[in-house]
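Undergrad: Sending over target-v4.tsv (TSV, C-alpha atoms).
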chain	number	residue	atom	x	y	z
A	25	MET	CA	18.12	10.05	-10.33
A	26	ALA	CA	14.61	9.73	-9.05
A	27	ARG	CA	13.48	6.27	-8.02
A	28	THR	CA	10.08	5.15	-9.26
A	29	LEU	CA	7.79	2.30	-8.28
A	30	ILE	CA	5.00	1.38	-10.69
A	31	ASN	CA	2.20	-1.08	-10.13
A	32	VAL	CA	0.36	-2.08	-13.32
A	33	PRO	CA	-1.25	-5.52	-13.51
A	34	ALA	CA	0.82	-7.75	-15.83
A	35	LYS	CA	-2.34	-9.34	-17.28
A	36	ALA	CA	-5.92	-8.12	-17.69
A	37	LYS	CA	-9.10	-9.06	-19.57
A	38	ARG	CA	-10.18	-6.83	-22.44
A	39	GLY	CA	-12.50	-4.15	-21.10
A	40	GLU	CA	-11.48	-4.70	-17.51
A	41	ILE	CA	-11.02	-1.68	-15.25
A	42	ILE	CA	-7.48	-1.75	-13.86
A	43	ALA	CA	-5.83	0.24	-11.07
A	44	ILE	CA	-2.49	1.89	-11.78
A	45	LYS	CA	-0.29	3.03	-8.91
A	46	THR	CA	2.79	5.22	-9.19
A	47	LEU	CA	5.29	6.33	-6.59
A	48	ILE	CA	8.32	8.55	-7.19
A	49	SER	CA	11.06	9.85	-4.89
A	50	HIS	CA	11.06	13.65	-4.74
A	51	THR	CA	11.45	16.17	-1.91
A	52	MET	CA	8.48	18.32	-3.07
A	53	GLU	CA	9.99	21.42	-1.48
A	54	THR	CA	7.08	23.84	-1.12
A	55	GLY	CA	8.88	27.15	-1.57
A	56	PHE	CA	7.27	28.46	1.61
A	57	ARG	CA	9.95	27.27	4.02
A	58	HIS	CA	12.97	29.19	5.26
A	59	THR	CA	16.37	28.13	6.55
A	60	ASN	CA	17.54	28.93	10.10
A	61	LEU	CA	19.06	32.10	8.66
A	62	GLY	CA	15.77	33.25	7.17
A	63	VAL	CA	16.67	32.51	3.56
A	64	ARG	CA	13.73	31.21	1.56
A	65	ILE	CA	14.20	27.69	0.20
A	66	PRO	CA	13.18	27.89	-3.46
A	67	ARG	CA	10.26	25.82	-4.68
A	68	ASP	CA	11.26	22.45	-6.12
A	69	ILE	CA	8.29	20.26	-6.95
A	70	ILE	CA	7.05	17.87	-9.59
A	71	ASP	CA	4.24	19.74	-11.32
A	72	THR	CA	2.99	17.30	-13.95
A	73	LEU	CA	2.50	13.57	-14.39
A	74	ILE	CA	1.45	12.32	-17.81
A	75	CYS	CA	0.54	8.71	-18.51
A	76	THR	CA	0.34	7.22	-21.99
A	77	TYR	CA	-1.13	3.90	-23.16
A	78	ASN	CA	0.62	2.74	-26.34
A	79	GLY	CA	1.63	6.33	-27.01
A	80	GLU	CA	-1.81	7.85	-26.46
A	81	GLU	CA	-2.28	10.12	-23.47
A	82	ILE	CA	-4.84	8.66	-21.06
A	83	PHE	CA	-4.14	10.55	-17.83
A	84	ARG	CA	-2.58	13.85	-16.81
A	85	THR	CA	-2.44	15.53	-13.44
A	86	ARG	CA	-1.03	18.74	-12.00
A	87	LEU	CA	0.78	18.58	-8.68
A	88	HIS	CA	0.97	21.51	-6.27
A	89	PRO	CA	3.20	22.64	-3.36
A	90	ALA	CA	0.86	21.18	-0.72
A	91	ILE	CA	1.54	17.63	-1.91
A	92	ALA	CA	3.81	15.60	0.36
A	93	ALA	CA	7.28	14.32	-0.54
A	94	ASN	CA	7.49	11.16	-2.65
A	95	PRO	CA	4.10	11.70	-4.31
A	96	PHE	CA	1.90	8.63	-4.76
A	97	VAL	CA	-0.64	8.86	-7.59
A	98	THR	CA	-3.18	6.16	-8.36
A	99	PHE	CA	-5.89	6.11	-11.00
A	100	HIS	CA	-7.98	3.68	-13.06
A	101	THR	CA	-8.22	2.97	-16.76
A	102	VAL	CA	-9.79	0.39	-19.06
A	103	ALA	CA	-7.53	-2.34	-20.41
A	104	THR	CA	-8.07	-2.11	-24.17
A	105	GLU	CA	-5.05	-3.77	-25.77
A	106	SER	CA	-1.67	-5.27	-24.95
A	107	GLY	CA	1.24	-2.89	-24.90
A	108	THR	CA	3.16	-0.38	-22.85
A	109	ILE	CA	1.94	2.09	-20.29
A	110	GLY	CA	4.38	4.97	-20.00
A	111	PHE	CA	4.79	7.59	-17.29
A	112	ARG	CA	6.54	10.96	-17.39
A	113	TRP	CA	6.99	13.30	-14.45
A	114	THR	CA	8.24	16.84	-15.00
A	115	GLY	CA	8.85	19.68	-12.59
A	116	ASP	CA	10.96	22.56	-11.34
A	117	LYS	CA	14.68	22.88	-12.09
A	118	GLY	CA	14.21	20.90	-15.29
A	119	PHE	CA	13.18	17.78	-13.42
A	120	SER	CA	12.16	14.90	-15.65
A	121	ALA	CA	11.75	11.19	-14.99
A	122	THR	CA	10.22	8.38	-17.02
A	123	ALA	CA	9.08	4.84	-16.35
A	124	SER	CA	7.06	2.24	-18.21
A	125	ALA	CA	5.29	-1.04	-17.62
A	126	LYS	CA	4.05	-3.79	-19.93
A	127	ILE	CA	0.51	-5.11	-19.89
A	128	THR	CA	-0.93	-8.15	-21.67
A	129	VAL	CA	-4.63	-7.97	-22.50
A	130	GLU	CA	-6.46	-11.18	-23.35
B	17	MET	CA	18.84	9.49	73.43
B	18	ASN	CA	16.33	6.75	73.79
B	19	PRO	CA	17.75	3.61	72.10
B	20	ARG	CA	14.17	2.41	71.40
B	21	ALA	CA	13.67	5.31	68.97
B	22	LEU	CA	16.31	3.85	66.64
B	23	ARG	CA	14.57	0.51	66.39
B	24	LEU	CA	11.86	0.33	63.78
B	25	ARG	CA	8.89	-1.78	64.65
B	26	PRO	CA	8.46	-4.88	62.47
B	27	ALA	CA	5.00	-3.72	61.35
B	28	LEU	CA	6.42	-0.43	60.14
B	29	ILE	CA	9.21	-2.21	58.25
B	30	LEU	CA	6.63	-4.42	56.56
B	31	ALA	CA	4.56	-1.39	55.58
B	32	ILE	CA	7.57	0.39	54.07
B	33	ALA	CA	8.71	-2.74	52.27
B	34	SER	CA	5.31	-3.46	50.74
B	35	ALA	CA	4.84	0.19	49.70
B	36	ALA	CA	8.24	0.08	48.00
B	37	ALA	CA	7.42	-3.21	46.31
B	38	PHE	CA	4.10	-1.77	45.09
B	39	ALA	CA	5.83	1.31	43.66
B	40	VAL	CA	8.36	-0.88	41.88
B	41	ALA	CA	5.60	-3.10	40.53
B	42	LEU	CA	3.82	-0.03	39.14
B	43	ALA	CA	6.90	1.38	37.48
B	44	ARG	CA	8.31	-1.90	36.18
B	45	ALA	CA	5.25	-3.47	34.61
B	46	GLU	CA	6.88	-5.11	31.63
B	47	ILE	CA	4.44	-6.20	28.93
B	48	PRO	CA	3.82	-9.98	29.06
B	49	LEU	CA	5.41	-11.61	25.99
B	50	GLU	CA	2.13	-12.86	24.54
B	51	GLN	CA	0.53	-9.41	24.76
B	52	ARG	CA	3.21	-7.70	22.73
B	53	ARG	CA	2.29	-6.33	19.33
B	54	SER	CA	3.90	-4.19	16.66
B	55	SER	CA	2.50	-0.68	16.32
B	56	TYR	CA	1.53	-1.85	12.83
B	57	ALA	CA	-1.53	-3.33	14.57
B	58	ASP	CA	-2.56	0.15	15.77
B	59	MET	CA	-2.50	1.71	12.31
B	60	SER	CA	-5.44	2.54	10.07
B	61	ARG	CA	-6.40	0.23	7.23
B	62	ASP	CA	-4.96	2.72	4.71
B	63	ASN	CA	-1.60	2.93	6.46
B	64	LYS	CA	-1.40	-0.85	6.70
B	65	ALA	CA	-2.13	-1.15	2.97
B	66	MET	CA	0.60	1.41	2.27
B	67	GLN	CA	3.18	-0.65	4.16
B	68	ASP	CA	2.04	-4.02	2.80
B	69	ASP	CA	2.30	-3.16	-0.90
B	70	ASP	CA	5.93	-2.77	-1.97
B	71	THR	CA	4.88	-0.47	-4.80
B	72	SER	CA	3.10	1.95	-2.47
B	73	ASN	CA	5.48	1.76	0.50
B	74	PRO	CA	7.68	4.86	0.12
B	75	GLY	CA	10.37	3.20	2.25
B	76	MET	CA	10.99	0.90	-0.71
B	77	LEU	CA	12.35	3.87	-2.70
B	78	SER	CA	15.22	4.02	-0.19
B	79	VAL	CA	15.63	0.25	-0.27
B	80	LEU	CA	16.18	0.61	-4.04
B	81	ASP	CA	18.74	3.37	-3.38
B	82	GLY	CA	20.50	1.09	-0.90
B	83	GLU	CA	20.51	-1.77	-3.39
B	84	ALA	CA	22.34	0.46	-5.87
B	85	LEU	CA	24.85	1.54	-3.19
B	86	TRP	CA	25.44	-2.10	-2.26
B	87	SER	CA	27.15	-2.84	-5.57
B	88	GLU	CA	28.74	0.57	-6.09
B	89	LYS	CA	32.52	0.62	-5.65
B	90	ALA	CA	33.67	3.16	-3.07
B	91	GLY	CA	36.73	4.45	-1.26
B	92	ALA	CA	40.47	4.01	-1.71
B	93	ALA	CA	39.99	0.22	-1.65
B	94	ASN	CA	37.69	0.60	-4.68
B	95	ARG	CA	35.48	-2.14	-3.32
B	96	ALA	CA	31.72	-2.50	-3.14
B	97	CYS	CA	29.81	-4.14	-0.29
B	98	ALA	CA	28.90	-6.88	-2.75
B	99	ASP	CA	32.59	-7.67	-3.45
B	100	CYS	CA	32.99	-9.04	0.09
B	101	HIS	CA	29.46	-9.90	1.18
B	102	GLY	CA	28.10	-11.14	-2.16
B	103	ASP	CA	24.37	-11.33	-2.56
B	104	ALA	CA	22.70	-9.37	0.23
B	105	LYS	CA	19.61	-11.60	0.07
B	106	SER	CA	21.44	-14.46	1.73
B	107	GLY	CA	24.45	-12.69	3.28
B	108	MET	CA	22.52	-9.98	5.11
B	109	LYS	CA	19.52	-12.06	6.13
B	110	GLY	CA	19.03	-11.81	9.89
B	111	VAL	CA	21.84	-9.30	10.40
B	112	ALA	CA	19.53	-6.44	11.41
B	113	ALA	CA	17.75	-8.79	13.83
B	114	ARG	CA	21.06	-9.31	15.71
B	115	HIS	CA	22.05	-5.65	16.14
B	116	PRO	CA	23.14	-3.78	18.21
B	117	ALA	CA	26.04	-6.16	18.76
B	118	PHE	CA	29.28	-5.89	20.72
B	119	ASP	CA	32.32	-4.61	18.86
B	120	ALA	CA	35.37	-6.07	20.57
B	121	ARG	CA	37.81	-3.51	19.20
B	122	LEU	CA	35.74	-0.48	20.17
B	123	GLY	CA	34.81	-2.18	23.42
B	124	ARG	CA	31.21	-1.02	23.11
B	125	PRO	CA	27.99	-2.07	21.40
B	126	VAL	CA	27.35	-0.73	17.90
B	127	ASN	CA	24.06	-0.53	16.02
B	128	LEU	CA	23.53	-1.45	12.38
B	129	ASP	CA	24.32	2.05	11.07
B	130	GLN	CA	27.58	2.16	13.01
B	131	ARG	CA	28.47	-1.35	11.83
B	132	ILE	CA	27.95	-0.24	8.21
B	133	ASN	CA	30.18	2.78	8.81
B	134	ILE	CA	32.91	0.65	10.40
B	135	CYS	CA	32.88	-1.49	7.26
B	136	ARG	CA	32.96	1.61	5.10
B	137	SER	CA	35.95	3.22	6.79
B	138	GLU	CA	37.97	0.05	7.41
B	139	ARG	CA	37.22	-2.24	4.46
B	140	GLN	CA	36.35	0.27	1.76
B	141	GLN	CA	38.55	3.05	3.15
B	142	ALA	CA	35.78	5.47	2.31
B	143	ALA	CA	34.31	8.35	4.28
B	144	PRO	CA	31.65	7.05	6.64
B	145	PHE	CA	28.07	8.06	5.89
B	146	ALA	CA	26.81	10.94	8.02
B	147	LEU	CA	24.32	9.47	10.49
B	148	GLU	CA	20.73	10.09	9.41
B	149	SER	CA	21.84	11.11	5.90
B	150	LYS	CA	19.97	9.83	2.85
B	151	ASP	CA	22.69	7.32	1.95
B	152	MET	CA	23.05	6.04	5.53
B	153	LEU	CA	19.33	5.41	5.81
B	154	ALA	CA	19.16	3.88	2.34
B	155	MET	CA	21.94	1.42	3.14
B	156	SER	CA	20.55	0.44	6.53
B	157	ALA	CA	17.04	0.13	5.07
B	158	PHE	CA	18.38	-2.15	2.34
B	159	VAL	CA	20.31	-4.31	4.82
B	160	ALA	CA	17.44	-4.44	7.33
B	161	HIS	CA	14.97	-5.23	4.54
B	162	GLN	CA	16.80	-8.53	4.01
B	163	SER	CA	15.64	-9.50	7.52
B	164	ARG	CA	11.96	-8.75	6.90
B	165	GLY	CA	9.95	-11.53	8.52
B	166	GLU	CA	12.89	-12.67	10.64
B	167	PRO	CA	12.42	-12.76	14.42
B	168	ILE	CA	14.42	-10.25	16.46
B	169	ALA	CA	17.28	-12.26	17.98
B	170	PRO	CA	19.45	-10.20	20.37
B	171	PRO	CA	22.89	-11.83	20.70
B	172	ASP	CA	23.52	-13.80	23.86
B	173	ASP	CA	26.74	-11.95	24.65
B	174	PRO	CA	27.59	-11.31	28.33
B	175	ARG	CA	29.53	-8.18	27.34
B	176	LEU	CA	26.24	-6.63	26.20
B	177	ALA	CA	24.47	-7.23	29.51
B	178	PRO	CA	25.70	-4.10	31.38
B	179	HIS	CA	24.79	-1.94	28.36
B	180	ARG	CA	21.35	-3.50	28.08
B	181	GLU	CA	20.79	-2.89	31.79
B	182	ALA	CA	21.92	0.72	31.38
B	183	GLY	CA	19.37	1.01	28.56
B	184	ARG	CA	16.68	-0.50	30.75
B	185	ALA	CA	17.52	1.95	33.56
B	186	GLN	CA	17.25	4.85	31.12
B	187	TYR	CA	13.95	3.52	29.81
B	188	ASN	CA	12.54	3.44	33.32
B	189	ALA	CA	14.08	6.69	34.56
B	190	ARG	CA	11.93	9.79	34.73
B	191	GLN	CA	13.42	12.57	32.65
B	192	GLY	CA	12.74	15.97	31.17
B	193	GLN	CA	10.57	18.82	32.35
B	194	LEU	CA	7.50	16.60	32.12
B	195	ASN	CA	9.24	14.14	34.46
B	196	LEU	CA	8.15	11.10	32.46
B	197	SER	CA	9.77	7.76	31.84
B	198	CYS	CA	9.45	5.81	28.58
B	199	GLY	CA	7.76	2.99	30.49
B	200	GLN	CA	4.99	5.20	31.84
B	201	CYS	CA	3.57	5.49	28.34
B	202	HIS	CA	4.79	2.38	26.55
B	203	ASP	CA	4.51	-0.21	29.34
B	204	ASP	CA	1.76	1.17	31.56
B	205	ASN	CA	-0.55	2.96	29.12
B	206	TRP	CA	-0.14	1.41	25.68
B	207	GLY	CA	-3.36	1.08	23.72
B	208	LYS	CA	-4.82	4.24	25.29
B	209	SER	CA	-5.04	7.55	23.50
B	210	LEU	CA	-2.62	10.44	23.63
B	211	ALA	CA	-4.02	13.45	21.77
B	212	GLY	CA	-5.97	11.24	19.39
B	213	ASN	CA	-3.09	8.84	18.72
B	214	THR	CA	-2.88	5.33	20.09
B	215	VAL	CA	0.04	4.97	22.49
B	216	PRO	CA	2.14	2.16	20.97
B	217	GLN	CA	4.17	-0.44	22.83
B	218	ALA	CA	7.32	0.97	21.20
B	219	HIS	CA	8.84	-2.13	19.68
B	220	PRO	CA	11.58	-1.40	17.12
B	221	THR	CA	10.23	-3.76	14.46
B	222	GLY	CA	10.19	-1.57	11.37
B	223	TYR	CA	13.32	0.57	11.46
B	224	PRO	CA	14.38	2.55	9.60
B	225	ILE	CA	10.73	3.62	9.25
B	226	TYR	CA	9.05	5.86	6.73
B	227	ARG	CA	7.12	8.25	8.90
B	228	LEU	CA	4.43	10.21	7.10
B	229	GLU	CA	4.91	13.11	9.50
B	230	TRP	CA	8.61	13.25	8.58
B	231	GLN	CA	7.93	12.70	4.86
B	232	SER	CA	11.12	10.67	4.88
B	233	LEU	CA	12.86	7.67	6.31
B	234	GLY	CA	14.27	7.95	9.83
B	235	SER	CA	16.24	5.79	12.24
B	236	LEU	CA	15.26	4.47	15.66
B	237	GLN	CA	17.53	7.11	17.17
B	238	ARG	CA	15.55	9.83	15.43
B	239	ARG	CA	12.39	8.33	16.92
B	240	LEU	CA	13.98	8.27	20.39
B	241	ARG	CA	14.97	11.93	20.03
B	242	ASN	CA	11.40	12.67	19.01
B	243	CYS	CA	10.03	11.13	22.21
B	244	MET	CA	12.67	12.85	24.34
B	245	ILE	CA	11.80	16.23	22.86
B	246	GLY	CA	8.17	15.44	23.68
B	247	MET	CA	9.21	14.82	27.30
B	248	ARG	CA	11.13	18.13	27.22
B	249	ALA	CA	14.32	16.21	27.94
B	250	GLU	CA	17.76	16.96	26.54
B	251	THR	CA	18.63	14.81	23.56
B	252	TYR	CA	21.95	13.14	22.81
B	253	PRO	CA	23.89	13.53	19.57
B	254	TYR	CA	23.22	10.81	16.96
B	255	GLY	CA	25.32	7.73	17.58
B	256	ALA	CA	25.65	8.37	21.35
B	257	LEU	CA	26.22	5.32	23.52
B	258	GLU	CA	23.07	6.21	25.49
B	259	TYR	CA	20.95	5.66	22.40
B	260	VAL	CA	22.69	2.41	21.51
B	261	ASN	CA	22.11	1.15	25.05
B	262	MET	CA	18.42	1.96	24.69
B	263	GLU	CA	18.31	0.24	21.31
B	264	LEU	CA	19.82	-2.83	22.97
B	265	TYR	CA	17.13	-2.86	25.64
B	266	LEU	CA	14.32	-2.22	23.14
B	267	MET	CA	15.50	-5.05	20.89
B	268	TRP	CA	15.68	-7.38	23.87
B	269	ARG	CA	12.19	-6.27	24.91
B	270	ALA	CA	10.97	-7.11	21.39
B	271	ARG	CA	12.89	-10.39	21.15
B	272	GLY	CA	11.16	-12.91	18.89
B	273	MET	CA	8.96	-10.31	17.19
B	274	LYS	CA	9.23	-10.15	13.42
B	275	LEU	CA	11.04	-7.36	11.57
B	276	GLU	CA	9.00	-5.50	8.96
B	277	THR	CA	11.53	-3.02	7.51
B	278	PRO	CA	10.72	-0.63	5.94
B	279	GLY	CA	7.79	0.07	8.24
B	280	VAL	CA	5.34	2.88	7.49
B	281	ARG	CA	4.06	4.88	10.45
B	282	PRO	CA	1.75	7.92	10.63
Could you express the structure from this file as structure tokens?
TA:
Amino acid sequence: MARTLINVPAKAKRGEIIAIKTLISHTMETGFRHTNLGVRIPRDIIDTLICTYNGEEIFRTRLHPAIAANPFVTFHTVATESGTIGFRWTGDKGFSATASAKITVE
Amino acid sequence: MNPRALRLRPALILAIASAAAFAVALARAEIPLEQRRSSYADMSRDNKAMQDDDTSNPGMLSVLDGEALWSEKAGAANRACADCHGDAKSGMKGVAARHPAFDARLGRPVNLDQRINICRSERQQAAPFALESKDMLAMSAFVAHQSRGEPIAPPDDPRLAPHREAGRAQYNARQGQLNLSCGQCHDDNWGKSLAGNTVPQAHPTGYPIYRLEWQSLGSLQRRLRNCMIGMRAETYPYGALEYVNMELYLMWRARGMKLETPGVRP
């Protein structure tokens, strides 16, 4: 199972711009490397991260083979209401991981 | 034969002695205690921020893995680390700061990874972790993380002294095709640049470290191998006594400095 680390402020003022940081454990194998015997190591990467705010999609990004292992993605959004911010990573070999964080908006 | 030829003149003896003393002083310039600093201080602002925030420090992913392993039952004894040691927060605090330590039964010093594996094979009756494997690093990162902020405190054990001295000798010995010693960079030229990188003082404060170049966690022994390959010297297999001796000397050299596991390095 992939480990995830999420940093969402627990509290924010309505209308405030907040930073969201996500980190997930993944090898991000590029597909361009070979073993000592010359066999190509198949690509195994996370290709999509989708973030939802109370069920509504607010952020989506594509990830590519040049991105390092354990990808760290950070972005900003506006704190509109209290609720849950959800994250879903998907990738090669049926990879899927989810995480969520609560935020209270005053 | 003229007997006078065998007698060295006092002035000549003095010249030889002072030249030898000068050479020794050059090669053995240990860093004064108050000038020591972790290579954290040499990092960029971004890299420091990455290490400081536990939600952006990728080493913390392994610490979480290790935390899960800590309470996972393993081996024929069907026991978890937690069953004997309890809460790692209190039980493992300071343990990493005291290793390598002398193992009376093996009659040699062992580092933290080897200590974990001794526990695994003897108490849990489980297969030891392969050195440098994901689980090994996760467990040692989790254990060492409990000592974050603790000063490095090498044990005052006379049985360790010959090993520490062997480590010191290795550290100061020229080796490899480049004919370099560790001390020539890390004692004599720290703070200067080597191909755009700052030469660090080489204190083992953050191990196992997450090295961005490796894109993974790695042990102090992996870092030592790295340097030896750079010197075009022959490396030892993981777990070799030579490495443990060097670890002993490096920990003594960094005595009193605070642990920061998991460290992030570029």
Undergrad: Neighbourhood query: residues within 7 Å of (19.3, 4.3, 30.4), file coordinates, counting all atoms listed in the file; return as a list in words.
TA: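 Here is the list of nearby residues: Ala182, Gly183, Arg184, Ala185, Gln186, Tyr187, Glu258, Asn261 and Met262 of chain B.
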Undergrad: Counting all atoms listed in the file, what is within 12 Å of region 148-156 of chain B, bar same-chain residues fewer than 5 positions away, as a VMD selection string?
TA: (chain A and resid 49 51) or (chain B and resid 74 to 88 97 104 108 111 to 112 115 127 to 133 136 143 161 to 163 222 to 226 232 to 239 253 to 255 277 to 278)
Undergrad: State, in Å with one decimal place, the distance from CA of Tyr77 (chain A) to CA of Glu130 (chain A).
TA: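 A separation of 16.0 Å between them.
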Undergrad: What lies within 9 Å of Gly272 (chain B) using all atoms listed in the file, ignoring chain neighbours under 6 positions off, as a list of chain:residue names?
TA: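 Returned residues: B:Glu166, B:Pro167, B:Ile168, B:Ala169, B:Pro170.
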Undergrad: Could you list the residues in chain A lying within 10 Å of chain B, using only C-alpha atoms, and format the result as JSON, numbers by chain?
TA: {"A": [25, 26, 27, 28, 29, 30, 31, 32, 45, 46, 47, 48, 49, 51, 52, 92, 93, 94, 95, 96, 97, 98]}
Undergrad: Env of Ala90 (chain B): 8 Å cut, atoms = all atoms listed in the file, seq-sep filter 2 positions within chain, self excluded. Answer as a PyMOL selection string.
TA: chain B and resi 88+92-96+140-142
Undergrad: Interatomic distance between CA of Lys64 (chain B) and CA of Pro220 (chain B)?
TA: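 Rounded to one decimal, the two atoms are 16.7 Å apart.
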Undergrad: List as an mmCIF file with C-alpha atoms, in the coordinates of the input the protein and nucleic acid residues near region 123-125 of chain A, meaning an atom at most 6 Å away when all atoms listed in the file are counted, but skip any in the same chain fewer than 2 places from it.
TA:
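As written to disk, result_4.cif reads:
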data_model
loop_
_atom_site.group_PDB
_atom_site.id
_atom_site.type_symbol
_atom_site.label_atom_id
_atom_site.label_comp_id
_atom_site.auth_asym_id
_atom_site.auth_seq_id
_atom_site.Cartn_x
_atom_site.Cartn_y
_atom_site.Cartn_z
ATOM 1 C CA THR A 108 3.160 -0.380 -22.850
ATOM 2 C CA ILE A 109 1.940 2.090 -20.290
ATOM 3 C CA GLY A 110 4.380 4.970 -20.000
ATOM 4 C CA PHE A 111 4.790 7.590 -17.290
#
Undergrad: Could you tell me how far CA of Thr101 (chain A) sits from CA of Phe119 (chain A), in Å to one decimal place?
TA: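 Calculated distance between CA of Phe119 (chain A) and CA of Thr101 (chain A) is 26.2 Å.
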Undergrad: Of the residues A:Thr59, A:Thr85, A:Glu80, A:Glu53, which is the one nearest to Lys117 (chain A), using only C-alpha atoms?
TA: A:Glu53
Undergrad: Using all atoms listed in the file, find the one residue out of A:Ile91, A:Gly115, A:Glu105, A:Lys37 that sits nearest to Ile69 (chain A).
TA: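 Closest residue, counting all atoms listed in the file: A:Gly115.
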Undergrad: For the point (3.7, 4.2, 11.1) in file coordinates, what residues are within 7 Å, counting only C-alpha atoms? Give the answer as a short mmCIF file (atom, residue, chain, number, x, y, z; two decimals) with C-alpha atoms, in the coordinates of the input?
TA:
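Saved to point-v7.cif:
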data_model
loop_
_atom_site.label_atom_id
_atom_site.label_comp_id
_atom_site.auth_asym_id
_atom_site.auth_seq_id
_atom_site.Cartn_x
_atom_site.Cartn_y
_atom_site.Cartn_z
CA TYR B 56 1.53 -1.85 12.83
CA MET B 59 -2.50 1.71 12.31
CA ARG B 227 7.12 8.25 8.90
CA GLY B 279 7.79 0.07 8.24
CA VAL B 280 5.34 2.88 7.49
CA ARG B 281 4.06 4.88 10.45
CA PRO B 282 1.75 7.92 10.63
#
Undergrad: Have a look at B:Ala157, B:Pro125, B:Gly207, B:Arg241 and name the one nearest to Tyr265 (chain B); count all atoms listed in the file.
TA: B:Pro125
Undergrad: When distances are computed from all atoms listed in the file, which of A:Thr104, A:Thr114, A:Asn60, A:Thr128 shows the smallest separation from Thr72 (chain A)?
TA: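 Of the candidates, the smallest distance to Thr72 (chain A) is held by A:Thr114.
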Undergrad: Residues within 8 Å of Asp71 (chain A), please, as a count of residues only. Count all atoms listed in the file; anything in the same chain fewer than 6 positions from it doesn't count.
TA: 7
